[in-house]
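So this one's final_36.txt, compact mmCIF, C-alpha atoms:
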# COMPACT_ATOMS: atom_id res chain seq x y z
CA MET F 1 73.93 15.24 -238.72
CA SER F 2 73.18 15.18 -242.40
CA LEU F 3 72.76 12.41 -244.91
CA ARG F 4 76.12 13.24 -246.45
CA HIS F 5 77.92 12.70 -243.14
CA ALA F 6 76.22 9.32 -242.75
CA LEU F 7 77.33 8.37 -246.28
CA LEU F 8 80.86 9.63 -245.66
CA ALA F 9 80.97 7.50 -242.49
CA LEU F 10 80.21 4.39 -244.55
CA LEU F 11 82.64 5.30 -247.31
CA THR F 12 85.51 5.60 -244.82
CA VAL F 13 85.30 1.79 -244.69
CA GLU F 14 85.75 1.11 -248.41
CA PRO F 15 84.60 2.30 -251.86
CA MET F 16 81.01 1.30 -252.63
CA THR F 17 78.42 1.56 -255.37
CA GLY F 18 75.16 3.33 -254.68
CA TYR F 19 73.50 -0.07 -254.35
CA ASP F 20 76.10 -1.30 -251.85
CA LEU F 21 75.84 1.96 -249.91
CA SER F 22 72.07 1.64 -249.72
CA LYS F 23 72.37 -1.90 -248.32
CA ALA F 24 75.09 -0.89 -245.86
CA PHE F 25 73.05 2.16 -244.85
CA GLN F 26 69.99 0.05 -244.03
CA ALA F 27 72.10 -2.43 -242.06
CA SER F 28 73.87 0.14 -239.91
CA VAL F 29 73.49 3.92 -240.14
CA SER F 30 69.71 3.81 -240.66
CA HIS F 31 69.35 2.93 -236.96
CA VAL F 32 70.24 6.53 -236.18
CA TRP F 33 69.55 8.34 -239.46
CA HIS F 34 66.71 7.27 -241.77
CA ALA F 35 66.97 7.95 -245.50
CA PRO F 36 65.34 6.14 -248.45
CA ASP F 37 67.10 5.38 -251.74
CA SER F 38 65.31 8.36 -253.30
CA GLN F 39 67.47 10.60 -251.07
CA ILE F 40 70.69 8.57 -251.10
CA TYR F 41 71.36 8.52 -254.87
CA PRO F 42 70.84 12.27 -255.48
CA GLU F 43 73.01 13.06 -252.43
CA LEU F 44 75.83 10.91 -253.81
CA ARG F 45 75.72 12.92 -257.06
CA ARG F 46 75.79 16.20 -255.09
CA MET F 47 78.71 14.97 -252.99
CA GLU F 48 80.62 14.05 -256.14
CA ALA F 49 79.91 17.49 -257.62
CA ASP F 50 81.16 19.07 -254.35
CA GLY F 51 84.43 17.11 -254.56
CA LEU F 52 83.76 14.95 -251.48
CA LEU F 53 83.59 11.78 -253.57
CA VAL F 54 84.94 10.59 -256.87
CA GLY F 55 82.94 8.09 -258.90
CA ALA F 56 84.23 5.49 -261.34
CA GLU F 57 82.38 3.04 -263.57
CA VAL F 58 82.91 -0.59 -262.54
CA PRO F 59 81.60 -3.81 -264.15
CA TRP F 60 78.25 -5.06 -262.84
CA GLY F 61 76.93 -8.40 -263.98
CA PRO F 62 77.71 -9.81 -267.43
CA ARG F 63 77.33 -6.53 -269.34
CA GLY F 64 76.28 -3.83 -266.92
CA LYS F 65 78.17 -1.09 -265.14
CA LYS F 66 77.68 0.66 -261.83
CA ARG F 67 79.22 3.79 -260.40
CA GLU F 68 81.52 3.11 -257.45
CA TYR F 69 82.24 5.98 -255.07
CA HIS F 70 85.55 6.64 -253.33
CA VAL F 71 85.85 9.23 -250.59
CA THR F 72 88.33 11.99 -251.44
CA THR F 73 90.74 13.80 -249.12
CA ALA F 74 88.25 16.69 -249.09
CA GLY F 75 85.52 14.21 -248.09
CA LEU F 76 87.62 12.84 -245.24
CA ASP F 77 88.43 16.39 -244.10
CA ALA F 78 84.71 17.31 -244.17
CA PHE F 79 83.81 14.22 -242.15
CA ARG F 80 86.59 14.86 -239.61
CA ALA F 81 85.52 18.52 -239.29
CA TRP F 82 81.90 17.48 -238.69
CA MET F 83 82.98 14.94 -236.06
CA ASN F 84 84.90 17.65 -234.19
CA GLU F 85 82.27 20.39 -234.23
CA PRO F 86 79.62 20.70 -231.51
CA LEU F 87 76.27 19.09 -232.28
CA SER F 88 73.38 21.48 -232.75
CA TYR F 89 70.15 19.99 -231.44
CA THR F 90 66.94 20.47 -233.35
CA ARG F 91 63.49 20.61 -231.83
CA GLU F 92 61.93 17.19 -231.75
CA ARG F 93 58.76 16.07 -233.48
CA ASP F 94 57.28 13.28 -231.40
CA PRO F 95 53.74 12.28 -232.41
CA ALA F 96 53.45 9.54 -229.75
CA HIS F 97 54.15 11.90 -226.85
CA LEU F 98 52.05 14.66 -228.41
CA LYS F 99 49.12 12.27 -228.66
CA ALA F 100 49.67 11.05 -225.09
CA ALA F 101 49.16 14.59 -223.81
CA TYR F 102 45.57 14.48 -225.14
CA LEU F 103 44.53 10.88 -224.47
CA GLU F 104 41.44 12.12 -222.64
CA TRP F 105 39.99 12.68 -226.13
CA ALA F 106 40.50 9.04 -227.11
CA GLU F 107 38.30 6.10 -226.27
CA PRO F 108 40.07 3.98 -223.63
CA ASP F 109 40.42 1.03 -226.03
CA ALA F 110 41.93 3.28 -228.72
CA ALA F 111 44.36 4.75 -226.17
CA ARG F 112 45.36 1.25 -225.06
CA ALA F 113 45.85 0.18 -228.69
CA ALA F 114 48.12 3.18 -229.32
CA LEU F 115 50.28 2.35 -226.31
CA HIS F 116 50.43 -1.35 -227.18
CA ALA F 117 51.61 -0.36 -230.69
CA HIS F 118 54.24 1.88 -229.09
CA ILE F 119 55.47 -1.02 -226.97
CA ALA F 120 55.55 -3.37 -229.97
CA ASN F 121 57.51 -0.84 -232.05
CA PHE F 122 60.18 -0.25 -229.43
CA ASP F 123 60.35 -3.92 -228.45
CA GLU F 124 61.08 -4.80 -232.09
CA GLN F 125 63.81 -2.14 -232.22
CA ARG F 126 65.23 -3.31 -228.88
CA VAL F 127 65.51 -6.88 -230.15
CA GLU F 128 67.23 -5.67 -233.33
CA TRP F 129 69.70 -3.51 -231.39
CA LEU F 130 70.48 -6.32 -228.93
CA ALA F 131 71.31 -8.44 -231.97
CA LYS F 132 73.69 -5.70 -233.17
CA VAL F 133 75.47 -5.72 -229.80
CA ARG F 134 75.82 -9.50 -230.07
CA GLU F 135 77.33 -9.08 -233.57
CA ILE F 136 79.84 -6.56 -232.20
CA ASP F 137 80.75 -8.86 -229.31
CA THR F 138 81.07 -11.98 -231.47
CA GLY F 139 82.84 -10.36 -234.44
CA THR F 140 79.99 -11.14 -236.85
CA SER F 141 79.10 -7.55 -237.85
CA THR F 142 80.03 -7.39 -241.54
CA MET F 143 80.46 -3.61 -241.73
CA LEU F 144 82.35 -3.40 -238.45
CA GLU F 145 84.73 -6.20 -239.42
CA LYS F 146 85.40 -4.48 -242.77
CA ARG F 147 86.11 -1.23 -240.92
CA LEU F 148 88.53 -3.03 -238.59
CA THR F 149 90.51 -4.50 -241.50
CA HIS F 150 91.20 -0.92 -242.74
CA ALA F 151 92.06 0.46 -239.28
CA PRO F 152 95.27 0.09 -237.26
CA ALA F 153 95.08 -2.66 -234.62
CA SER F 154 95.66 -0.01 -231.95
CA GLU F 155 92.24 1.50 -232.79
CA HIS F 156 90.20 -1.74 -232.83
CA ALA F 157 89.19 -1.65 -229.16
CA SER F 158 87.92 1.94 -229.35
CA ILE F 159 86.07 1.32 -232.65
CA ARG F 160 84.25 -1.66 -231.11
CA ALA F 161 83.59 0.18 -227.85
CA TYR F 162 82.04 3.23 -229.55
CA LYS F 163 79.81 1.09 -231.77
CA ARG F 164 78.64 -0.89 -228.73
CA TYR F 165 78.09 2.32 -226.74
CA THR F 166 75.84 3.66 -229.51
CA TYR F 167 73.62 0.58 -229.53
CA GLU F 168 73.52 0.51 -225.71
CA GLY F 169 72.06 4.03 -225.86
CA LEU F 170 69.43 2.95 -228.39
CA ILE F 171 68.53 -0.09 -226.26
CA ALA F 172 68.18 2.11 -223.16
CA ARG F 173 65.95 4.53 -225.07
CA ALA F 174 63.76 1.67 -226.31
CA GLU F 175 63.45 0.23 -222.81
CA HIS F 176 62.52 3.65 -221.45
CA GLU F 177 59.78 4.07 -224.09
CA ILE F 178 58.39 0.60 -223.30
CA GLN F 179 58.27 1.41 -219.58
CA TRP F 180 56.65 4.77 -220.31
CA ALA F 181 53.92 3.10 -222.41
CA GLU F 182 53.35 0.46 -219.72
CA ARG F 183 52.84 3.26 -217.16
CA GLY F 184 50.37 4.79 -219.60
CA LEU F 185 48.39 1.56 -219.78
CA ALA F 186 48.22 1.44 -215.97
CA LEU F 187 47.11 5.09 -215.95
CA ILE F 188 44.31 4.40 -218.44
CA ASP F 189 43.07 1.55 -216.24
CA GLU F 190 43.25 3.71 -213.14
CA LEU F 191 41.39 6.64 -214.72
CA ASN F 192 38.71 4.39 -216.20
CA LYS F 193 37.79 2.40 -213.09
CA THR F 194 34.09 2.18 -212.60
CA ASP F 195 32.86 2.18 -209.03
CA VAL F 196 30.51 -0.70 -208.43
CA PRO F 197 27.77 0.38 -205.98
CA LEU F 198 27.48 -1.77 -202.87
CA GLY F 199 24.24 -3.83 -202.86
Step by step, read the file and then write its structure as structure tokens.
Amino acid sequence: MSLRHALLALLTVEPMTGYDLSKAFQASVSHVWHAPDSQIYPELRRMEADGLLVGAEVPWGPRGKKREYHVTTAGLDAFRAWMNEPLSYTRERDPAHLKAAYLEWAEPDAARAALHAHIANFDEQRVEWLAKVREIDTGTSTMLEKRLTHAPASEHASIRAYKRYTYEGLIARAEHEIQWAERGLALIDELNKTDVPLG
């Protein structure tokens, strides 16, 4: 996946300004593809230059203007082509698991702290993703409801199902990481038992 495909995915819902795209990105796509504003705005300009988007000035506030982006036919074709091509997997960079392989170098308390931080991180994500599933189920997901208003009614069930499926995968991954870290904590305790001599 690339940033431009994530942006095209959002723009298939409706035209948006860079500011609106950034907000929508953080509320949805950023769960699977992180990008700061410093990457989003230059990519929008490149996409416009490549003919995937067309920008138009729109009023913003009492006197200001913002550039609103509309996806072009070429942009829709590029997104559809990307969706239909096989995914190429890249090698992962995973500092938590790399560090875990060498925990014998860490003090037990530092190792425990690292695993507790890992649990806290994934528990926070799990809670957030469970909330997203609730929004899908209750019809309170702003972006999803906008997407549904632009889609034929015959596609609504599949759109909802695929969004839910995505978050279910993220929840399962978070739960797996929490369980893995909990096993690590038990392992640290087991490896650091001190035998008390019998008196």
Point (56.3, -6.8, -223.8) neighbourhood (12 Å, only C-alpha atoms) written as a PyMOL selection string: chain F and resi 115-124+126-127+174-175+177-179+181-182
Atoms to include: C-alpha atoms. Write the selected residues as a compact mmCIF listing (two decimals), in the frame of the given file.
# COMPACT_ATOMS: atom_id res chain seq x y z
CA LEU F 115 50.28 2.35 -226.31
CA HIS F 116 50.43 -1.35 -227.18
CA ALA F 117 51.61 -0.36 -230.69
CA HIS F 118 54.24 1.88 -229.09
CA ILE F 119 55.47 -1.02 -226.97
CA ALA F 120 55.55 -3.37 -229.97
CA ASN F 121 57.51 -0.84 -232.05
CA PHE F 122 60.18 -0.25 -229.43
CA ASP F 123 60.35 -3.92 -228.45
CA GLU F 124 61.08 -4.80 -232.09
CA ARG F 126 65.23 -3.31 -228.88
CA VAL F 127 65.51 -6.88 -230.15
CA ALA F 174 63.76 1.67 -226.31
CA GLU F 175 63.45 0.23 -222.81
CA GLU F 177 59.78 4.07 -224.09
CA ILE F 178 58.39 0.60 -223.30
CA GLN F 179 58.27 1.41 -219.58
CA ALA F 181 53.92 3.10 -222.41
CA GLU F 182 53.35 0.46 -219.72
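With all atoms listed in the file as the basis for measurement, F:Ala27 is the residue among F:Ala27, F:Ile171, F:Val32, F:Leu87 that approaches Ser141 of chain F most closely.
Separating atom CA of Tyr89 of chain F from atom CA of Ala6 of chain F is a distance of 16.7 Å.
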Which polymer residues have any atom within 7 Å of an atom of Trp129 of chain F, counting all atoms listed in the file, with same-chain residues fewer than 4 positions away left out, as a PDB file with C-alpha atoms, keeping the file's coordinate frame?
ATOM      1  CA  GLN F 125      63.810  -2.140-232.220  1.00  0.00           C
ATOM      2  CA  VAL F 133      75.470  -5.720-229.800  1.00  0.00           C
ATOM      3  CA  TYR F 167      73.620   0.580-229.530  1.00  0.00           C
ATOM      4  CA  ILE F 171      68.530  -0.090-226.260  1.00  0.00           C
TER       5      ILE F 171
END
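If you measure from each of F:Pro62, F:Gly18, F:Gly75, F:Pro36 to Asp50 of chain F using all atoms listed in the file, the closest one turns out to be F:Gly75.
Taking atom CA of Ala56 of chain F and atom CA of Arg147 of chain F as endpoints, the distance between them is 21.6 Å.
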Atom pair atom CA of His5 of chain F / atom CA of Lys66 of chain F: separation (Å): 22.2 Å
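Take the candidates F:Glu68, F:Glu155, F:Glu104, F:Asp94 and check each one against Gly184 of chain F using all atoms listed in the file; the shortest distance goes to F:Glu104.
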All residues 10 Å or closer to Asp37 of chain F, only C-alpha atoms, same chain fewer than 3 positions away omitted, as a ChimeraX atom specification: /F:18-19,21-23,25-26,40-43
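For Leu103 of chain F, the residues within 10 Å (counting only C-alpha atoms, excluding itself and residues fewer than 4 positions away along the chain) are His97, Leu98, Lys99, Glu107, Pro108, Ala110, Ala111, Arg112, Ala114, Gly184 and Ile188 of chain F.
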From F:Ser158, F:Thr12, F:Thr149, F:Asn192, residue lying nearest Arg80 of chain F [all atoms listed in the file]: F:Thr12
